[in-house]
Amino acid sequence: MHPVQVEENIRKIKEGDRLLREDFLEHNKTFIHKIACKFARRLLEWGRDDELAIALMALDEAIDRFRTDMGVPFLAYARIVILSRLTDHRRRENRSALVEVPLPQQGDESNSAEFSKAWEVHLLETATRERIEEIKEFAELLNGYGVSFEDLVKCSPRHRDTRSSLMLAAAELTKRENLLKEFRVKKKLPLLELENCTGISRKTLERGRKYIIAISLLISRQNDFLYLSSYLRLPVQG
Amino acid sequence: MEDRGIVAKIKGKSCIVITPDGEFKNVPLPGSGLTGIGHEITFRKKRGVPYLRHFMVAASMLLVFIFAGRFYLGQAPEASAYMTIDINPSIELAVASDGKVVSGSGLNSDGKIIMSKIKVKGCALPEAVELIIEQAIADHFLSPEQDNVVLATITFDNGEAAAIDLESVYGAIRDSMDAGGLDAEVIIKPVQPEVRQEAIKSGVSTGRFLLLQKSAEKNIQFSAGELGTMNLGEMEREKKMSLVNLLNDADEEDATGIGGEQENMYGQRGIFVERNNPGSKNTPEADKKQDKEIDIPDNKKLDKDNGKINVNEHDLKNGDEEKDSQRDNSSGKTKGKSNDKDERFGGEQGRNGNR
């Protein structure tokens, strides 16, 4: 789902759209699964492992807690909440005192202002750290395709229209499984196919080749690049 | 315009940011605060012309040149008077108040040819005139075989009459004519600046324009084309008129006659000198030297049979008192003469009349 769409859905859910909430939770199960598996360092299964249930509850909690003025995209926020809850869970199980800032339990908001303040600081620190990691990861990923940020500065189109048409081409590429696969294996853009299915001239595609690579990587792996993909106004994926 | 972006890479004093619009940009690092990868920064959006700095440099250089040029031009003296010379080539000279020629230009193709061969800028006016006449002789615009007419006009810009000495100009023309062994009708006429303006508008020299005006007054038909290109001598012959008479206005009651045998000097009114070569059609009877014809008598002007009025050698020794009686005298004579020539010109007169 597109980041902008995600935020829009959250707003609706907060307004009381029960159905959409169910739908949203269901839709993000793969996202939760991935996070939980990574946390537990093993493959988890729905209905068998507690971690997944806790993570799902954490996502639901994140929907309630989320505020747009925090400056963190929802999914990134949700991830922090989920990881926090999973850590709480582990601590309860192990009884080992991990030095982590516990997230104040829902319901006892009155608990202490200090507590929620600490959580806020923790949130922002985590978000910043994650964002840095994300960019480094993105840079590495691009490097694998022979693209650097300097290249992108040089070839990113100045004109907004050109940029959005290249973004559309990238979106088109990620929509087609076979093209995306070919792209990932060969690390080369299937320019001819793109030209056929977008109607954008070969010359424009050629010129924005590196830009298309960067954007399509961002779109196709937007769950790994939560901050970047929500920061960019990417074209809505159909 | 403020814009924001996430810092993706820092190198030296600049960094690469990713903007929400999906643009990757190289921007200078903000001076304040700690900035690291992943931080969102704001920066000034570059707007306007990409090569603005180059344009600024070019524009300022241009300004310097313009001002320098103005200053330089300011040093050069301004023309206070204009002189045109018409033979067939028409030439205009701009004269500064110190009597030096500021610039000279040909007003028709022949004039341009002459001006391309000589250099008059910076010369004193008589010198420049001499050069022009000499060149005209060299190029056979003036030659012993033809009826030579030199028509000069002088326009004073703001009444600065002192700038040009008519006599010295006449002297210059006469000297160079004599040197070439030529005789010519020489007319030097001061005109009003308005006349020059009019002439410039109609694209002919001031002298020719004056001619056009005067001939219109006297019912002599010209086409503008004829006027622009024809050799004045030929024109005179063809139209059977004397330029001297034409231009020497009839309204000069206050004319003060001075000068020698062949010259009428009218001070600021101008200098009108007839041709003196015996072969010319205008040859007067040699023994009637005292005959004087300055003005065209009114009755003559109106007399259509007398399209051509001959002017004899002028002798201004006689005072103004005698003018009237002489006028009667000469008019009678002129009449007789033109009758003699009627056979020769009758056809053409008729044509003129029919027009």
# chains A, B, ... in the order shown; residues from 1 in each chain; ligands from 1
>>> residues_around(residues="range 146-149 of chain A", least_positions_apart="3", cutoff="10 Å", atoms="only C-alpha atoms", output="number ranges by chain")
A: 138-143, 152-156, 187-188, 209-211, 213-214; B: 8-9, 16-18, 24-26
>>> interface_residues(of="chain A", to="chain B", cutoff="8 Å", atoms="only C-alpha atoms", output="number ranges by chain")
A: 128, 131-132, 135, 149-150, 152-153, 156-158, 160, 163, 231-234
>>> residues_around(residues="Ile54 in chain A", least_positions_apart="4", cutoff="10 Å", atoms="only C-alpha atoms", output="list in words")
Ile32, Ala36, Asp49, Asp50, Ala58, Leu59, Asp60, Ile82, Leu83, Arg85, Leu86, Asp88 and His89 of chain A
>>> atom_distance(atom1="CA of Met56 in chain B", atom2="CA of Arg4 in chain B")
28.4 Å
>>> select_by_dssp(residues="range 104-218 of chain B", states="strand (DSSP E or B)", output="list of chain:residue names")
B:Gly104, B:Ser105, B:Gly106, B:Ala124, B:Val149, B:Val150, B:Leu151, B:Ala152, B:Thr153, B:Ile154, B:Thr155, B:Phe156, B:Glu185, B:Val186, B:Ile187, B:Ile188, B:Lys189, B:Pro190, B:Val191
>>> closest_residue(among="A:Pro190, A:Gly208, A:Gly144, A:Pro73", to="Leu123 in chain A", atoms="only C-alpha atoms")
A:Pro73
>>> residues_around(residues="Thr174 in chain A", least_positions_apart="3", cutoff="8 Å", atoms="only C-alpha atoms", output="PyMOL selection string")
chain A and resi 170-171+177+179-180+216+219-220
>>> write_last_selection(atoms="C-alpha atoms", output="compact mmCIF listing (two decimals), in the first residue's frame")
# COMPACT_ATOMS: atom_id res chain seq x y z
CA ALA A 170 9.16 2.96 -12.15
CA ALA A 171 5.74 2.19 -10.69
CA GLU A 177 6.29 -9.26 -11.58
CA LEU A 179 9.79 -7.31 -15.42
CA LEU A 180 10.72 -6.74 -11.79
CA SER A 216 11.57 1.41 -8.56
CA ILE A 219 8.75 1.34 -4.45
CA SER A 220 9.33 -2.36 -4.67
>>> atom_distance(atom1="CA of Glu40 in chain B", atom2="CA of Ala127 in chain A")
12.2 Å
>>> residues_around(residues="range 66-72 of chain A", least_positions_apart="2", cutoff="10 Å", atoms="only C-alpha atoms", output="PyMOL selection string")
chain A and resi 7+10-11+14+61-64+74-78+81+120+123-124+127-128+131+226-227+230-231
>>> atom_distance(atom1="CA of Arg176 in chain A", atom2="CA of Asn223 in chain A")
17.9 Å
>>> select_by_dssp(residues="range 31-228 of chain A", states="helix (DSSP H, G or I)", output="number ranges by chain")
A: 31-40, 50-65, 68-70, 74-94, 113-144, 149-155, 160-175, 177-186, 191-198, 202-207, 209-220, 226-228
>>> residues_around(residues="Cys37 in chain A", least_positions_apart="2", cutoff="12 Å", atoms="only C-alpha atoms", output="PyMOL selection string")
chain A and resi 29-35+39-46+49-52+55+82-83+86
>>> closest_residue(among="B:Leu166, B:Val102, B:Ile187, B:Ile133", to="Ala152 in chain B", atoms="only C-alpha atoms")
B:Ile187
